[in-house]
$ cat data.txt   # compact mmCIF, C-alpha atoms
# COMPACT_ATOMS: atom_id res chain seq x y z
CA GLY A 193 -31.51 58.88 24.33
CA ASP A 194 -28.12 57.59 25.28
CA SER A 195 -28.04 53.89 25.98
CA VAL A 196 -25.92 50.79 26.22
CA THR A 197 -26.73 47.41 24.73
CA GLN A 198 -25.00 44.26 25.88
CA MET A 199 -25.15 40.75 24.53
CA GLU A 200 -27.71 38.73 26.39
CA GLY A 201 -26.58 36.02 28.69
CA PRO A 202 -26.13 33.78 30.32
CA VAL A 203 -22.74 32.88 28.94
CA THR A 204 -21.25 29.55 30.02
CA LEU A 205 -17.64 28.73 29.26
CA SER A 206 -15.09 26.15 30.26
CA GLU A 207 -12.01 27.24 32.15
CA GLU A 208 -9.28 28.68 29.89
CA ALA A 209 -11.75 29.50 27.13
CA PHE A 210 -11.71 32.85 25.33
CA LEU A 211 -14.33 35.34 26.43
CA THR A 212 -16.03 38.10 24.47
CA ILE A 213 -18.96 40.08 25.82
CA ASN A 214 -20.27 42.53 23.26
CA CYS A 215 -21.25 46.06 24.20
CA THR A 216 -22.44 48.80 21.88
CA TYR A 217 -23.62 52.23 22.77
CA THR A 218 -25.78 55.00 21.43
CA ALA A 219 -24.67 58.48 22.34
CA THR A 220 -24.78 61.98 20.93
CA GLY A 221 -21.27 62.88 22.06
CA TYR A 222 -18.16 61.18 23.34
CA PRO A 223 -18.82 59.52 26.65
CA SER A 224 -16.43 57.64 28.87
CA LEU A 225 -17.01 53.90 28.82
CA PHE A 226 -16.79 51.46 31.71
CA TRP A 227 -17.04 47.79 32.53
CA TYR A 228 -18.22 46.91 36.01
CA VAL A 229 -18.34 43.43 37.52
CA GLN A 230 -20.68 42.12 40.19
CA TYR A 231 -19.54 38.97 41.95
CA PRO A 232 -22.19 36.89 43.73
CA GLY A 233 -23.50 38.70 46.79
CA GLU A 234 -21.36 41.76 46.22
CA GLY A 235 -21.73 45.26 44.79
CA LEU A 236 -20.55 46.71 41.51
CA GLN A 237 -16.79 46.93 41.12
CA LEU A 238 -15.04 48.87 38.41
CA LEU A 239 -13.22 46.44 36.13
CA LEU A 240 -11.80 48.84 33.54
CA LYS A 241 -12.56 52.04 31.70
CA ALA A 242 -11.66 54.09 28.64
CA THR A 243 -12.23 57.80 28.34
CA LYS A 244 -11.61 58.51 24.65
CA ALA A 245 -11.64 56.84 21.27
CA ASP A 246 -9.02 54.14 20.68
CA ASP A 247 -8.16 53.95 24.37
CA LYS A 248 -7.79 50.43 25.70
CA GLY A 249 -8.78 49.67 29.27
CA SER A 250 -7.29 46.61 30.91
CA ASN A 251 -7.35 44.92 34.29
CA LYS A 252 -6.98 41.36 35.63
CA GLY A 253 -6.46 40.01 32.11
CA PHE A 254 -9.61 41.68 30.77
CA GLU A 255 -9.39 44.23 27.96
CA ALA A 256 -11.77 46.50 26.08
CA THR A 257 -11.06 49.05 23.36
CA TYR A 258 -13.15 52.17 22.80
CA ARG A 259 -14.15 51.99 19.13
CA LYS A 260 -15.82 55.17 18.01
CA GLU A 261 -16.34 53.97 14.43
CA THR A 262 -18.38 50.98 15.57
CA THR A 263 -19.63 52.56 18.83
CA SER A 264 -18.47 49.49 20.68
CA PHE A 265 -16.58 48.57 23.83
CA HIS A 266 -16.41 44.77 23.78
CA LEU A 267 -14.93 43.01 26.79
CA GLU A 268 -12.39 40.24 26.14
CA LYS A 269 -10.27 37.86 28.13
CA GLY A 270 -7.96 35.30 26.66
CA SER A 271 -8.35 32.59 29.29
CA VAL A 272 -11.17 32.70 31.82
CA GLN A 273 -11.06 31.17 35.28
CA VAL A 274 -13.80 29.84 37.52
CA SER A 275 -13.28 32.92 39.71
CA ASP A 276 -14.36 35.14 36.80
CA SER A 277 -17.93 33.91 37.19
CA ALA A 278 -19.97 37.06 37.77
CA VAL A 279 -22.32 39.52 36.11
CA TYR A 280 -20.61 42.05 33.84
CA PHE A 281 -22.09 45.49 33.14
CA CYS A 282 -21.10 47.87 30.40
CA ALA A 283 -21.79 51.54 31.14
CA LEU A 284 -21.29 55.01 29.74
CA ARG A 285 -21.04 58.42 31.32
CA TYR A 286 -20.72 61.99 30.18
CA ASN A 287 -19.59 64.93 32.23
CA ASN A 288 -22.57 64.61 34.46
CA ASN A 289 -23.71 62.29 37.14
CA ASP A 290 -25.93 59.96 35.22
CA MET A 291 -24.22 56.66 34.47
CA ARG A 292 -26.13 54.53 31.98
CA PHE A 293 -25.77 50.78 32.40
CA GLY A 294 -26.42 47.88 30.13
CA ALA A 295 -28.61 45.03 31.27
CA GLY A 296 -25.69 42.94 32.44
CA THR A 297 -24.32 39.63 31.18
CA ARG A 298 -24.02 36.69 33.53
CA LEU A 299 -20.88 34.64 32.98
CA THR A 300 -20.45 31.15 34.42
CA VAL A 301 -17.09 29.45 34.05
CA LYS A 302 -17.01 25.69 34.64
CA PRO A 303 -13.90 23.79 35.69
CA GLU B 38 -8.44 50.33 50.16
CA PRO B 39 -11.30 52.72 50.97
CA GLU B 40 -14.74 51.49 50.07
CA VAL B 41 -18.36 52.56 50.10
CA THR B 42 -20.42 50.79 52.74
CA GLN B 43 -24.18 50.38 52.96
CA THR B 44 -26.57 49.28 55.67
CA PRO B 45 -28.62 47.24 56.03
CA SER B 46 -27.75 44.58 53.52
CA HIS B 47 -31.38 43.48 53.38
CA GLN B 48 -34.48 45.39 54.45
CA VAL B 49 -37.97 43.94 54.51
CA THR B 50 -40.89 46.31 54.96
CA GLN B 51 -44.64 46.48 54.58
CA MET B 52 -46.21 48.49 51.78
CA GLY B 53 -46.84 52.06 52.87
CA GLN B 54 -44.06 52.12 55.45
CA GLU B 55 -41.10 54.50 55.37
CA VAL B 56 -37.60 53.14 54.92
CA ILE B 57 -34.21 54.77 55.21
CA LEU B 58 -31.26 53.23 53.42
CA ARG B 59 -27.86 54.28 54.66
CA CYS B 60 -24.54 54.72 52.95
CA VAL B 61 -21.09 55.82 54.02
CA PRO B 62 -19.24 57.13 50.95
CA ILE B 63 -15.48 57.17 50.61
CA SER B 64 -14.23 59.88 52.92
CA ASN B 65 -12.59 62.33 50.47
CA HIS B 66 -15.33 62.03 47.85
CA LEU B 67 -17.62 64.96 47.18
CA TYR B 68 -20.30 63.52 44.87
CA PHE B 69 -22.78 60.93 45.96
CA TYR B 70 -25.31 58.86 44.05
CA TRP B 71 -28.11 56.38 44.41
CA TYR B 72 -28.96 53.76 41.81
CA ARG B 73 -31.42 50.91 41.86
CA GLN B 74 -31.65 47.55 40.15
CA ILE B 75 -34.98 45.81 39.98
CA LEU B 76 -34.45 42.07 39.81
CA GLY B 77 -33.43 41.03 36.34
CA GLN B 78 -33.38 44.58 35.01
CA LYS B 79 -30.83 47.30 34.36
CA VAL B 80 -29.09 49.37 36.97
CA GLU B 81 -30.89 52.73 36.89
CA PHE B 82 -29.73 56.14 38.06
CA LEU B 83 -31.89 57.76 40.72
CA VAL B 84 -30.14 60.87 42.03
CA SER B 85 -26.84 62.64 42.52
CA PHE B 86 -25.93 64.91 45.41
CA TYR B 87 -23.25 67.52 45.86
CA ASN B 88 -22.66 70.30 48.34
CA ASN B 89 -25.71 69.33 50.34
CA GLU B 90 -28.16 69.50 47.50
CA ILE B 91 -29.47 67.38 44.68
CA SER B 92 -27.57 68.07 41.46
CA GLU B 93 -29.45 65.72 39.16
CA LYS B 94 -32.31 63.28 39.43
CA SER B 95 -34.08 60.88 37.14
CA GLU B 96 -37.79 60.61 36.51
CA ILE B 97 -37.84 57.63 38.87
CA PHE B 98 -36.89 59.92 41.76
CA ASP B 99 -40.33 61.31 42.51
CA ASP B 100 -41.72 63.00 45.60
CA GLN B 101 -41.70 59.83 47.66
CA PHE B 102 -37.91 59.79 47.55
CA SER B 103 -35.54 62.08 49.38
CA VAL B 104 -31.82 62.14 50.11
CA GLU B 105 -29.87 63.66 52.92
CA ARG B 106 -26.38 63.97 54.26
CA PRO B 107 -27.21 64.28 57.94
CA ASP B 108 -23.60 64.46 59.08
CA GLY B 109 -20.11 64.41 57.65
CA SER B 110 -20.11 60.73 56.81
CA ASN B 111 -23.57 59.32 56.10
CA PHE B 112 -25.66 59.67 52.95
CA THR B 113 -29.23 58.42 53.17
CA LEU B 114 -32.07 57.57 50.82
CA LYS B 115 -35.56 57.77 52.28
CA ILE B 116 -38.63 56.28 50.69
CA ARG B 117 -41.66 57.79 52.41
CA SER B 118 -44.40 55.34 51.56
CA THR B 119 -43.06 52.20 49.97
CA LYS B 120 -44.81 50.46 47.13
CA LEU B 121 -44.45 46.90 45.92
CA GLU B 122 -42.60 48.15 42.85
CA ASP B 123 -39.92 49.74 45.04
CA SER B 124 -38.56 46.25 45.71
CA ALA B 125 -35.07 46.34 44.27
CA MET B 126 -31.38 46.41 45.07
CA TYR B 127 -30.31 49.96 45.90
CA PHE B 128 -26.70 50.94 45.30
CA CYS B 129 -24.94 53.94 46.69
CA ALA B 130 -21.89 55.34 44.90
CA SER B 131 -19.42 58.17 45.33
CA SER B 132 -16.77 59.95 43.31
CA THR B 133 -14.22 62.69 43.76
CA THR B 134 -15.37 64.85 40.88
CA ARG B 135 -18.29 65.27 38.56
CA GLY B 136 -16.28 64.59 35.42
CA GLY B 137 -17.25 61.83 33.06
CA GLN B 138 -13.79 60.32 33.27
CA ASP B 139 -13.97 59.95 37.01
CA THR B 140 -14.84 56.58 38.48
CA GLN B 141 -17.91 56.09 40.59
CA TYR B 142 -17.26 53.62 43.41
CA PHE B 143 -20.23 51.51 44.37
CA GLY B 144 -21.28 50.01 47.65
CA PRO B 145 -22.45 46.39 48.04
CA GLY B 146 -26.11 47.39 47.88
CA THR B 147 -29.19 47.11 50.07
CA ARG B 148 -31.83 44.68 48.96
CA LEU B 149 -35.24 46.18 49.71
CA THR B 150 -38.23 43.86 49.77
CA VAL B 151 -41.67 45.45 50.04
CA LEU B 152 -44.46 43.07 51.05

$ encode --input "data.txt" --output "structure tokens"
Amino acid sequence: GDSVTQMEGPVTLSEEAFLTINCTYTATGYPSLFWYVQYPGEGLQLLLKATKADDKGSNKGFEATYRKETTSFHLEKGSVQVSDSAVYFCALRYNNNDMRFGAGTRLTVKP
Amino acid sequence: EPEVTQTPSHQVTQMGQEVILRCVPISNHLYFYWYRQILGQKVEFLVSFYNNEISEKSEIFDDQFSVERPDGSNFTLKIRSTKLEDSAMYFCASSTTRGGQDTQYFGPGTRLTVL
């Protein structure tokens, strides 16, 4: 079935380091792809999304490009901040109501 | 900015008891969802709801679960007879349309602890 696989965490980086969180998906069609972020004690917030191949989603310095050829949607940020510490979830969705999430990757950024 | 709200933030209950988790979706949204996240595991889809009926549900959503929109603003998840394995974070979400490109907006979650 359709699924999302994320790199396992936790990921610990120093402030201003480059971040990559890998996400690959398995799907029979062409889903929309999402990154959600969960800050400590809070719910899931949409970070960015891409709805078709080669689209790039971006927000708050984060970027991810929908790569159909590699079935990937890796999250990147050029310079992380302490405030980026959170759990990041990759997800996919078709034209239905079932959003499939990855397991989540915990990021800790140290000053 | 409009947001999805959920109450309570934490619910503790005894095994076998009924619980009702409450959600207020964003006011102009038409589609409503429940997800759960068992500690350390993936966020899993439970059910979606539109036009006062369930539109899709997962295999997790068995007969002990039910959903309701009792009025124009609330959306509830009821667990009739809780089990230990129901302990999880439950997230409510809403969206304007059913389309895959549409964003689902999530609430902060209710942590359910079954003792």

$ residues_around --input "data.txt" --residues "Leu284 (chain A)" --least-positions-apart "4" --cutoff "8 Å" --atoms "only C-alpha atoms" --output "PDB file with C-alpha atoms, keeping the file's coordinate frame"
ATOM      1  CA  SER A 195     -28.040  53.890  25.980  1.00  0.00           C
ATOM      2  CA  VAL A 196     -25.920  50.790  26.220  1.00  0.00           C
ATOM      3  CA  TYR A 217     -23.620  52.230  22.770  1.00  0.00           C
ATOM      4  CA  PRO A 223     -18.820  59.520  26.650  1.00  0.00           C
ATOM      5  CA  SER A 224     -16.430  57.640  28.870  1.00  0.00           C
ATOM      6  CA  LEU A 225     -17.010  53.900  28.820  1.00  0.00           C
ATOM      7  CA  PHE A 226     -16.790  51.460  31.710  1.00  0.00           C
ATOM      8  CA  MET A 291     -24.220  56.660  34.470  1.00  0.00           C
ATOM      9  CA  ARG A 292     -26.130  54.530  31.980  1.00  0.00           C
ATOM     10  CA  PHE A 293     -25.770  50.780  32.400  1.00  0.00           C
TER      11      PHE A 293
END

$ residues_near_point --input "data.txt" --point "(-38.5, 56.0, 43.7)" --cutoff "8 Å" --atoms "only C-alpha atoms" --output "number ranges by chain"
B: 83, 97-102, 116, 123

$ closest_atom_pairs --input "data.txt" --of "chain A" --to "chain B" --cutoff "12 Å" --atoms "all atoms listed in the file" --output "CSV"
residue,atom,partner,partner_atom,distance
A:Ser195,CA,B:Lys79,CA,11.0
A:Val196,CA,B:Lys79,CA,10.1
A:Thr197,CA,B:Lys79,CA,10.5
A:Gln198,CA,B:Lys79,CA,10.7
A:Glu200,CA,B:Gly77,CA,11.7
A:Gly201,CA,B:Gly77,CA,11.4
A:Pro202,CA,B:Gly77,CA,11.9
A:Gly221,CA,B:Gly137,CA,11.8
A:Tyr222,CA,B:Gly137,CA,9.8
A:Pro223,CA,B:Gly137,CA,7.0
A:Ser224,CA,B:Gln138,CA,5.8
A:Leu225,CA,B:Gln138,CA,8.4
A:Phe226,CA,B:Thr140,CA,8.7
A:Trp227,CA,B:Thr140,CA,10.8
A:Tyr228,CA,B:Phe143,CA,9.8
A:Val229,CA,B:Phe143,CA,10.8
A:Gln230,CA,B:Pro145,CA,9.1
A:Tyr231,CA,B:Pro145,CA,10.0
A:Pro232,CA,B:Pro145,CA,10.4
A:Gly233,CA,B:Pro145,CA,7.9
A:Glu234,CA,B:Pro145,CA,5.1
A:Gly235,CA,B:Pro145,CA,3.5
A:Leu236,CA,B:Phe143,CA,5.6
A:Gln237,CA,B:Phe143,CA,6.6
A:Leu238,CA,B:Tyr142,CA,7.2
A:Leu239,CA,B:Thr140,CA,10.5
A:Leu240,CA,B:Thr140,CA,9.7
A:Lys241,CA,B:Thr140,CA,8.5
A:Ala242,CA,B:Gln138,CA,8.0
A:Thr243,CA,B:Gln138,CA,5.8
A:Lys244,CA,B:Gln138,CA,9.1
A:Val279,CA,B:Gly77,CA,11.2
A:Tyr280,CA,B:Lys79,CA,11.5
A:Phe281,CA,B:Val80,CA,8.9
A:Cys282,CA,B:Val80,CA,10.5
A:Ala283,CA,B:Val80,CA,9.6
A:Leu284,CA,B:Gly137,CA,8.6
A:Arg285,CA,B:Gly137,CA,5.4
A:Tyr286,CA,B:Gly137,CA,4.5
A:Asn287,CA,B:Gly137,CA,4.0
A:Asn288,CA,B:Arg135,CA,6.0
A:Asn289,CA,B:Ser85,CA,6.2
A:Asp290,CA,B:Phe82,CA,6.1
A:Met291,CA,B:Phe82,CA,6.6
A:Arg292,CA,B:Glu81,CA,7.1
A:Phe293,CA,B:Val80,CA,5.8
A:Gly294,CA,B:Lys79,CA,6.1
A:Ala295,CA,B:Lys79,CA,4.4
A:Gly296,CA,B:Lys79,CA,7.0
A:Thr297,CA,B:Lys79,CA,10.6
A:Arg298,CA,B:Gly77,CA,10.7

$ atom_distance --input "data.txt" --atom1 "CA of Thr204 (chain A)" --atom2 "CA of Ser264 (chain A)"
22.2 Å

$ atom_distance --input "data.txt" --atom1 "CA of Leu76 (chain B)" --atom2 "CA of Thr216 (chain A)"
22.6 Å

$ atom_distance --input "data.txt" --atom1 "CA of Arg148 (chain B)" --atom2 "CA of His266 (chain A)"
29.5 Å

$ residues_around --input "data.txt" --residues "Thr262 (chain A)" --least-positions-apart "4" --cutoff "12 Å" --atoms "only C-alpha atoms" --output "JSON, numbers by chain"
{"A": [214, 215, 216, 217, 218, 219, 245, 246, 257, 258, 266]}

$ residues_around --input "data.txt" --residues "Thr150 (chain B)" --least-positions-apart "5" --cutoff "7 Å" --atoms "only C-alpha atoms" --output "list in words"
Gln48, Val49, Thr50, Ser124 and Ala125 of chain B

$ residues_near_point --input "data.txt" --point "(-43.7, 53.3, 54.7)" --cutoff "8 Å" --atoms "all atoms listed in the file" --output "number ranges by chain"
B: 50-56, 116-119

$ decode --input "data.txt" --residues "region 249-279 of chain A" --atoms "N, CA, C and O atoms" --output "short mmCIF file (atom, residue, chain, number, x, y, z; two decimals), in the first residue's frame"
data_model
loop_
_atom_site.label_atom_id
_atom_site.label_comp_id
_atom_site.auth_asym_id
_atom_site.auth_seq_id
_atom_site.Cartn_x
_atom_site.Cartn_y
_atom_site.Cartn_z
N GLY A 249 8.04 23.18 -2.68
CA GLY A 249 7.37 23.86 -1.59
C GLY A 249 8.40 24.56 -0.73
O GLY A 249 9.51 24.06 -0.57
N SER A 250 8.04 25.73 -0.20
CA SER A 250 8.99 26.44 0.65
C SER A 250 8.25 27.28 1.68
O SER A 250 7.15 27.76 1.43
N ASN A 251 8.88 27.40 2.85
CA ASN A 251 8.29 28.17 3.93
C ASN A 251 9.32 28.29 5.04
O ASN A 251 9.99 27.32 5.39
N LYS A 252 9.46 29.48 5.60
CA LYS A 252 10.34 29.73 6.75
C LYS A 252 11.77 29.27 6.49
O LYS A 252 12.45 28.82 7.43
N GLY A 253 12.23 29.31 5.28
CA GLY A 253 13.58 28.90 4.96
C GLY A 253 13.72 27.42 4.63
O GLY A 253 14.77 26.96 4.20
N PHE A 254 12.65 26.66 4.85
CA PHE A 254 12.65 25.23 4.50
C PHE A 254 12.20 25.07 3.05
O PHE A 254 11.37 25.82 2.56
N GLU A 255 12.74 24.05 2.40
CA GLU A 255 12.36 23.74 1.02
C GLU A 255 12.27 22.23 0.84
O GLU A 255 12.98 21.48 1.51
N ALA A 256 11.41 21.82 -0.09
CA ALA A 256 11.37 20.41 -0.49
C ALA A 256 10.86 20.36 -1.93
O ALA A 256 9.93 21.08 -2.28
N THR A 257 11.47 19.50 -2.74
CA THR A 257 11.09 19.38 -4.14
C THR A 257 10.52 18.00 -4.40
O THR A 257 11.11 16.98 -4.00
N TYR A 258 9.41 17.96 -5.06
CA TYR A 258 8.69 16.73 -5.40
C TYR A 258 9.42 16.07 -6.58
O TYR A 258 9.36 16.54 -7.71
N ARG A 259 10.13 14.99 -6.28
CA ARG A 259 10.91 14.28 -7.30
C ARG A 259 10.22 12.97 -7.63
O ARG A 259 10.31 12.01 -6.88
N LYS A 260 9.57 12.94 -8.78
CA LYS A 260 8.85 11.73 -9.17
C LYS A 260 9.81 10.61 -9.52
O LYS A 260 9.57 9.43 -9.23
N GLU A 261 10.95 10.96 -10.14
CA GLU A 261 11.87 9.93 -10.62
C GLU A 261 12.52 9.16 -9.47
O GLU A 261 12.85 7.99 -9.62
N THR A 262 12.68 9.84 -8.34
CA THR A 262 13.27 9.17 -7.17
C THR A 262 12.24 8.96 -6.07
O THR A 262 12.60 8.49 -4.98
N THR A 263 11.00 9.28 -6.35
CA THR A 263 9.89 9.21 -5.35
C THR A 263 10.33 9.77 -4.01
O THR A 263 10.23 9.13 -2.96
N SER A 264 10.83 11.00 -4.06
CA SER A 264 11.35 11.61 -2.83
C SER A 264 10.82 13.02 -2.64
O SER A 264 10.35 13.67 -3.59
N PHE A 265 10.90 13.45 -1.40
CA PHE A 265 10.45 14.81 -1.04
C PHE A 265 11.28 15.23 0.18
O PHE A 265 10.77 15.46 1.27
N HIS A 266 12.57 15.35 -0.02
CA HIS A 266 13.50 15.63 1.09
C HIS A 266 13.36 17.07 1.56
O HIS A 266 13.29 18.00 0.75
N LEU A 267 13.38 17.23 2.86
CA LEU A 267 13.27 18.56 3.47
C LEU A 267 14.67 19.12 3.70
O LEU A 267 15.54 18.42 4.23
N GLU A 268 14.88 20.39 3.33
CA GLU A 268 16.19 21.02 3.51
C GLU A 268 16.02 22.42 4.08
O GLU A 268 15.03 23.10 3.82
N LYS A 269 17.06 22.81 4.83
CA LYS A 269 17.16 24.19 5.28
C LYS A 269 18.64 24.54 5.37
O LYS A 269 19.42 23.77 5.91
N GLY A 270 18.96 25.70 4.86
CA GLY A 270 20.36 26.05 4.76
C GLY A 270 21.04 26.38 6.08
O GLY A 270 22.24 26.13 6.26
N SER A 271 20.27 26.90 7.04
CA SER A 271 20.87 27.35 8.29
C SER A 271 19.81 27.24 9.38
O SER A 271 18.91 28.08 9.48
N VAL A 272 19.92 26.19 10.18
CA VAL A 272 18.88 25.95 11.19
C VAL A 272 19.10 26.83 12.42
O VAL A 272 20.22 27.26 12.73
N GLN A 273 18.00 27.07 13.12
CA GLN A 273 18.02 27.84 14.36
C GLN A 273 17.51 26.97 15.51
O GLN A 273 16.83 25.96 15.27
N VAL A 274 17.81 27.40 16.72
CA VAL A 274 17.35 26.64 17.89
C VAL A 274 15.82 26.49 17.85
O VAL A 274 15.27 25.45 18.22
N SER A 275 15.15 27.52 17.36
CA SER A 275 13.68 27.50 17.31
C SER A 275 13.13 26.50 16.29
O SER A 275 11.91 26.25 16.27
N ASP A 276 13.97 25.91 15.48
CA ASP A 276 13.53 24.87 14.54
C ASP A 276 13.44 23.49 15.20
O ASP A 276 12.99 22.52 14.56
N SER A 277 13.86 23.40 16.44
CA SER A 277 13.79 22.12 17.15
C SER A 277 12.34 21.66 17.25
O SER A 277 11.49 22.38 17.79
N ALA A 278 12.05 20.50 16.70
CA ALA A 278 10.67 20.00 16.60
C ALA A 278 10.72 18.60 16.00
O ALA A 278 11.80 18.09 15.68
N VAL A 279 9.54 18.02 15.84
CA VAL A 279 9.42 16.76 15.11
C VAL A 279 8.82 17.07 13.74
O VAL A 279 7.82 17.79 13.65
#
